[in-house]
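Trainee: Supplied in structure tokens, the structure appears directly below.
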Amino acid sequence: MAYEAAPDRYDDTTGMHYRRTGRSGLRLPALSLGLWQNFGTDRPEETQRAILRRAFDRGVTHFDLANNYGPPYGRAEENIGRYLADDFAPYRDELVISTKAGYDMWPGPYGQGGGSRKYVLASLDQSLARMGLDYVDIFYSHRFDADTPVEETMMALDTAVRSGRALYAGISSYSPERTREAATVARELGTPLLIHQPSYSMLNRWIEGGLLDELEEQGMGCIAFTALAQGLLTDRYLAGVPEDSRAARDGSTITGLDDETLGRVRSLNAIAEGRGQKLAQLALQWVLRDDRVTSAVIGASSVEQLDTNLDALDATPLTEAELAEIDRYAVDSGVNLWAKQIEE
């Protein structure tokens with residue numbers, strides 16, 4: 001059946017609101033849909049399509065990808081390319097599509113990731129071909145590359161924008177110091193960095209140690225990923241690790257599943273229950289409590305899970321007493337898989 005977007009998708013009834021991205025003119029939805037998981041061969045395509053349709057119907061205008069999202073690498077971009085053509089072609093100007101380049105992608109010395117001009121621009125061209133797009137709205141350097149001068153990486157982003165292949169440039173998982181360096185170079189080139197995408201959650205608060213201040217100084221927005229700590233901050237693991245959970249899969253990237261961390265999670269869940277919320281909703285609301293956070297990227301394996309996450313926007317604001325109580329348990333718990341990258 002042909003898709004026709006809900007006519008009330010921008011009404012107040014959707015619960016969505018839009019935040020300005022740093023000092024730019026671009027507004028992003030408070031919750032954006034990320035395609036890191038569930039949009040490769042690991043989920044039926046009819047489920048993927050239903051999630052995207054429901055998200056857009058509820059005011060989610062930003063779909064976030066990277067070149068290596070799958071599985072296998074590139075499959076998420078291929079899949080969304082079909083969905084964009086079949087369902088969202090009439091709505092392209094209502095959508096913000098982002099992708100990234102930084103991690104290994106194809107064989108040989110030029111496809112192993114990093115920030116070289118050769119890799120970054122080749123990756124962007126491949127991403128556009130997979131998605132069937134002339135341009136993406138945001139193109140990120142997915143990680144800092146200590147083996148490539150930051151000037152070279154920023155020049156590649158500048159070329160992407162000036163050539164019309166991207167409207168804005170961003171970075172992900174750069175430390176405060178590297179962010180300042182990159183932003184300075186980019187501004188001198190004439191293509192200021194729009195946004196930074198860091199990991200951030202109640203169990204991973206590293207951006208409060210200087211990055212948010214740096215982004216504010218540079219006029220950049222912040223879009224947080226893994227706000228649910230890859231599922232830890234949901235009711236999924238309150239009683240341990242289910243056999244059918246992501247954490248139980250071979251090659252799982254979920255970390256921090258020890259008794260001490262799970263104890264904190266259960267305490268945070270009790271706070272959420274006291275507010276009449278699910279833990280995931282509290283975790284998303286908490287990440288968005290700072291106005292400098294433009295948006296949080298959420299994942300979804302079903303329409304029901306998507307709706308639960310989006311309903312976080314309907315909750316009453318957190319009080320100072322509640323925030324203080326959350327701070328007792330919202331401490332670093334060794335779940336930041338990108339810590340080593342940030343320290344380079």
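Ordering of the structure tokens sets the chain letters (A, B, ...); residue numbers start at 1 within each chain; ligands are numbered from 1 in the order shown.
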May I have a table of the residues of stretch 209-299 of chain A lying at most 12 Å from stretch 330-341 of chain A, giving each one's closest pair of atoms and their distance in Å to one decimal, counting only C-alpha atoms, ordered by chain and ascending residue number, as a tab-separated table?

Mentor:
```
residue	atom	partner	partner_atom	distance
A:Gly209	CA	A:Asp332	CA	12.0
A:Phe225	CA	A:Asn336	CA	10.9
A:Thr226	CA	A:Asn336	CA	9.2
A:Ala227	CA	A:Asn336	CA	11.1
A:Leu228	CA	A:Val335	CA	10.7
A:Ala229	CA	A:Val335	CA	7.0
A:Gln230	CA	A:Val335	CA	8.9
A:Gly231	CA	A:Val335	CA	11.1
A:Leu232	CA	A:Val335	CA	9.3
A:Leu233	CA	A:Ala330	CA	10.6
A:Ser252	CA	A:Leu337	CA	11.6
A:Thr253	CA	A:Leu337	CA	7.8
A:Ile254	CA	A:Val335	CA	7.4
A:Thr255	CA	A:Val335	CA	5.2
A:Gly256	CA	A:Val335	CA	5.2
A:Leu257	CA	A:Val335	CA	8.8
A:Asp258	CA	A:Ser333	CA	9.3
A:Asp259	CA	A:Ser333	CA	11.0
A:Glu260	CA	A:Ser333	CA	8.7
A:Thr261	CA	A:Ser333	CA	6.3
A:Leu262	CA	A:Ser333	CA	9.7
A:Gly263	CA	A:Ser333	CA	11.1
A:Arg264	CA	A:Ala330	CA	7.4
A:Val265	CA	A:Ala330	CA	8.5
A:Arg266	CA	A:Ala330	CA	11.3
A:Ser267	CA	A:Ala330	CA	9.6
A:Leu268	CA	A:Ala330	CA	7.9
A:Asn269	CA	A:Ala330	CA	11.4
A:Ile271	CA	A:Ala330	CA	11.6
A:Leu282	CA	A:Ala330	CA	11.8
A:Ala283	CA	A:Ala330	CA	9.8
A:Trp286	CA	A:Ala330	CA	10.2
A:Val287	CA	A:Ala330	CA	11.2
```

Trainee: Would you pick out the contacts of A:Asp235 at 8 Å or less, using only C-alpha atoms, so that residues sharing its chain but fewer than 6 positions from it are not included, and give the list as a PDB file with N, CA and C atoms, in the first residue's frame?

Mentor:
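Just written: selection.pdb:
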```pdb
ATOM      1  N   ASN A 269      15.523   2.811  37.657  1.00  0.00           N
ATOM      2  CA  ASN A 269      14.200   2.331  37.258  1.00  0.00           C
ATOM      3  C   ASN A 269      13.156   2.655  38.331  1.00  0.00           C
ATOM      4  N   LYS A 278       8.599   4.645  32.084  1.00  0.00           N
ATOM      5  CA  LYS A 278       9.547   3.561  31.877  1.00  0.00           C
ATOM      6  C   LYS A 278      10.957   4.124  32.007  1.00  0.00           C
ATOM      7  N   LEU A 279      11.895   3.267  32.353  1.00  0.00           N
ATOM      8  CA  LEU A 279      13.275   3.705  32.521  1.00  0.00           C
ATOM      9  C   LEU A 279      13.811   4.352  31.252  1.00  0.00           C
ATOM     10  N   ALA A 280      13.511   3.782  30.085  1.00  0.00           N
ATOM     11  CA  ALA A 280      14.001   4.353  28.827  1.00  0.00           C
ATOM     12  C   ALA A 280      13.504   5.781  28.642  1.00  0.00           C
TER      13      ALA A 280
END
```

Trainee: Within 7 Å of A:Thr294, counting only C-alpha atoms, which residues qualify if same-chain residues fewer than 2 places away don't, as a list in words?

Mentor: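 So the residues in contact are Arg19, Arg20, Thr21, Leu28, Ala30, Gly221, Cys222, Ile223, Asp291 and Arg292 of chain A.
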
Trainee: With only C-alpha atoms as the atoms that count, which of A:Thr184, A:Gln48, A:Thr99, A:Asn204 lies nearest to A:Leu167?

Mentor: A:Thr99

Trainee: Which neighbours of stretch 61-64 of chain A fall inside 9 Å, counting only C-alpha atoms, when residues of the same chain fewer than 4 positions from it are skipped, and could you give them as a PyMOL selection string?

Mentor: chain A and resi 28-29+31-36+52+55-56+94-100+138+297

Trainee: Can those selected residues be exported to a file as a short mmCIF file (atom, residue, chain, number, x, y, z; two decimals), in the first residue's frame so that it contains all heavy atoms?

Mentor:
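Wrote out.cif, looks like this:
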```cif
data_model
loop_
_atom_site.label_atom_id
_atom_site.label_comp_id
_atom_site.auth_asym_id
_atom_site.auth_seq_id
_atom_site.Cartn_x
_atom_site.Cartn_y
_atom_site.Cartn_z
N LEU A 28 16.43 20.50 14.58
CA LEU A 28 16.30 19.06 14.56
C LEU A 28 15.25 18.62 15.56
O LEU A 28 15.04 19.30 16.58
CB LEU A 28 17.64 18.39 14.89
CG LEU A 28 18.76 18.53 13.87
CD1 LEU A 28 20.04 17.86 14.40
CD2 LEU A 28 18.37 17.94 12.53
N PRO A 29 14.60 17.49 15.32
CA PRO A 29 13.66 16.98 16.30
C PRO A 29 14.39 16.60 17.58
O PRO A 29 15.56 16.17 17.54
CB PRO A 29 13.05 15.76 15.61
CG PRO A 29 14.10 15.32 14.65
CD PRO A 29 14.76 16.58 14.16
N LEU A 31 14.10 14.09 19.32
CA LEU A 31 14.50 12.69 19.17
C LEU A 31 14.63 12.38 17.69
O LEU A 31 13.70 12.59 16.92
CB LEU A 31 13.49 11.76 19.84
CG LEU A 31 13.40 11.86 21.36
CD1 LEU A 31 12.29 10.96 21.91
CD2 LEU A 31 14.73 11.52 22.03
N SER A 32 15.80 11.89 17.32
CA SER A 32 16.08 11.50 15.93
C SER A 32 16.16 9.98 15.86
O SER A 32 16.46 9.31 16.86
CB SER A 32 17.41 12.10 15.47
OG SER A 32 17.38 13.52 15.54
N LEU A 33 15.90 9.42 14.68
CA LEU A 33 15.93 7.97 14.52
C LEU A 33 17.26 7.52 13.95
O LEU A 33 17.65 7.92 12.85
CB LEU A 33 14.79 7.51 13.61
CG LEU A 33 14.68 5.98 13.41
CD1 LEU A 33 14.42 5.27 14.74
CD2 LEU A 33 13.60 5.64 12.40
N GLY A 34 17.97 6.68 14.69
CA GLY A 34 19.24 6.15 14.24
C GLY A 34 19.09 4.76 13.66
O GLY A 34 18.28 3.95 14.14
N LEU A 35 19.87 4.45 12.64
CA LEU A 35 19.77 3.18 11.93
C LEU A 35 20.99 2.30 12.13
O LEU A 35 21.31 1.46 11.30
CB LEU A 35 19.52 3.43 10.43
CG LEU A 35 18.07 3.74 10.02
CD1 LEU A 35 17.59 5.05 10.61
CD2 LEU A 35 17.92 3.78 8.52
N TRP A 36 21.69 2.50 13.26
CA TRP A 36 22.87 1.69 13.56
C TRP A 36 22.49 0.22 13.67
O TRP A 36 23.16 -0.66 13.15
CB TRP A 36 23.52 2.19 14.86
CG TRP A 36 24.71 1.40 15.30
CD1 TRP A 36 25.53 0.61 14.54
CD2 TRP A 36 25.25 1.36 16.63
NE1 TRP A 36 26.54 0.08 15.30
CE2 TRP A 36 26.39 0.52 16.60
CE3 TRP A 36 24.89 1.95 17.84
CZ2 TRP A 36 27.15 0.25 17.73
CZ3 TRP A 36 25.65 1.68 18.96
CH2 TRP A 36 26.77 0.85 18.91
N LEU A 52 10.06 3.44 10.13
CA LEU A 52 10.34 4.73 9.49
C LEU A 52 9.06 5.51 9.25
O LEU A 52 9.01 6.73 9.49
CB LEU A 52 11.08 4.50 8.18
CG LEU A 52 12.53 3.98 8.30
CD1 LEU A 52 13.01 3.47 6.97
CD2 LEU A 52 13.45 5.09 8.81
N ALA A 55 7.74 6.82 12.59
CA ALA A 55 8.58 7.91 13.09
C ALA A 55 8.24 9.22 12.39
O ALA A 55 8.05 10.26 13.04
CB ALA A 55 10.06 7.56 12.89
N PHE A 56 8.16 9.19 11.08
CA PHE A 56 7.86 10.42 10.33
C PHE A 56 6.45 10.92 10.67
O PHE A 56 6.23 12.13 10.81
CB PHE A 56 8.01 10.18 8.83
CG PHE A 56 7.94 11.43 8.01
CD1 PHE A 56 8.81 12.48 8.23
CD2 PHE A 56 7.00 11.56 7.00
CE1 PHE A 56 8.75 13.64 7.47
CE2 PHE A 56 6.92 12.71 6.22
CZ PHE A 56 7.80 13.75 6.46
N GLU A 94 11.49 17.65 3.63
CA GLU A 94 11.08 17.65 5.04
C GLU A 94 12.01 16.80 5.90
O GLU A 94 11.85 16.76 7.12
CB GLU A 94 9.65 17.13 5.19
CG GLU A 94 8.59 17.98 4.48
CD GLU A 94 7.19 17.43 4.68
OE1 GLU A 94 6.88 16.95 5.80
OE2 GLU A 94 6.41 17.46 3.72
N LEU A 95 12.96 16.13 5.27
CA LEU A 95 13.83 15.19 5.97
C LEU A 95 15.26 15.70 6.08
O LEU A 95 15.77 16.37 5.17
CB LEU A 95 13.84 13.85 5.24
CG LEU A 95 12.57 13.01 5.30
CD1 LEU A 95 12.68 11.84 4.34
CD2 LEU A 95 12.32 12.51 6.72
N VAL A 96 15.90 15.36 7.18
CA VAL A 96 17.34 15.52 7.35
C VAL A 96 17.94 14.12 7.35
O VAL A 96 17.66 13.31 8.23
CB VAL A 96 17.68 16.26 8.65
CG1 VAL A 96 19.18 16.23 8.92
CG2 VAL A 96 17.18 17.70 8.60
N ILE A 97 18.73 13.83 6.33
CA ILE A 97 19.42 12.54 6.22
C ILE A 97 20.91 12.77 6.49
O ILE A 97 21.54 13.61 5.84
CB ILE A 97 19.25 11.93 4.81
CG1 ILE A 97 17.76 11.83 4.43
CG2 ILE A 97 19.94 10.57 4.74
CD1 ILE A 97 16.96 10.90 5.30
N SER A 98 21.44 12.04 7.45
CA SER A 98 22.87 12.19 7.76
C SER A 98 23.59 10.86 7.59
O SER A 98 23.00 9.79 7.77
CB SER A 98 23.05 12.69 9.21
OG SER A 98 22.50 11.78 10.14
N THR A 99 24.86 10.95 7.24
CA THR A 99 25.70 9.76 7.22
C THR A 99 27.12 10.14 7.63
O THR A 99 27.43 11.34 7.79
CB THR A 99 25.66 9.05 5.85
OG1 THR A 99 26.17 7.73 6.00
CG2 THR A 99 26.49 9.80 4.80
N LYS A 100 27.97 9.14 7.79
CA LYS A 100 29.30 9.36 8.37
C LYS A 100 30.33 8.48 7.67
O LYS A 100 29.98 7.46 7.06
CB LYS A 100 29.30 9.01 9.86
CG LYS A 100 28.11 9.56 10.64
CD LYS A 100 28.13 9.07 12.08
CE LYS A 100 26.81 9.35 12.77
NZ LYS A 100 25.73 8.44 12.29
N ILE A 138 23.58 16.18 6.45
CA ILE A 138 24.73 16.29 7.34
C ILE A 138 25.70 15.16 7.02
O ILE A 138 25.31 13.99 6.94
CB ILE A 138 24.33 16.20 8.83
CG1 ILE A 138 23.25 17.23 9.18
CG2 ILE A 138 25.56 16.40 9.72
CD1 ILE A 138 22.67 17.05 10.59
N VAL A 297 19.67 10.54 19.58
CA VAL A 297 19.41 9.51 18.57
C VAL A 297 18.85 8.28 19.28
O VAL A 297 19.47 7.75 20.21
CB VAL A 297 20.68 9.15 17.80
CG1 VAL A 297 20.40 8.04 16.80
CG2 VAL A 297 21.24 10.37 17.09
#
```

Trainee: Show me, as a ChimeraX atom specification, the residues that have an atom within 12 Å of A:Glu320 when counting only C-alpha atoms, minus same-chain residues fewer than 5 positions from it.

Mentor: /A:286,289,325-327
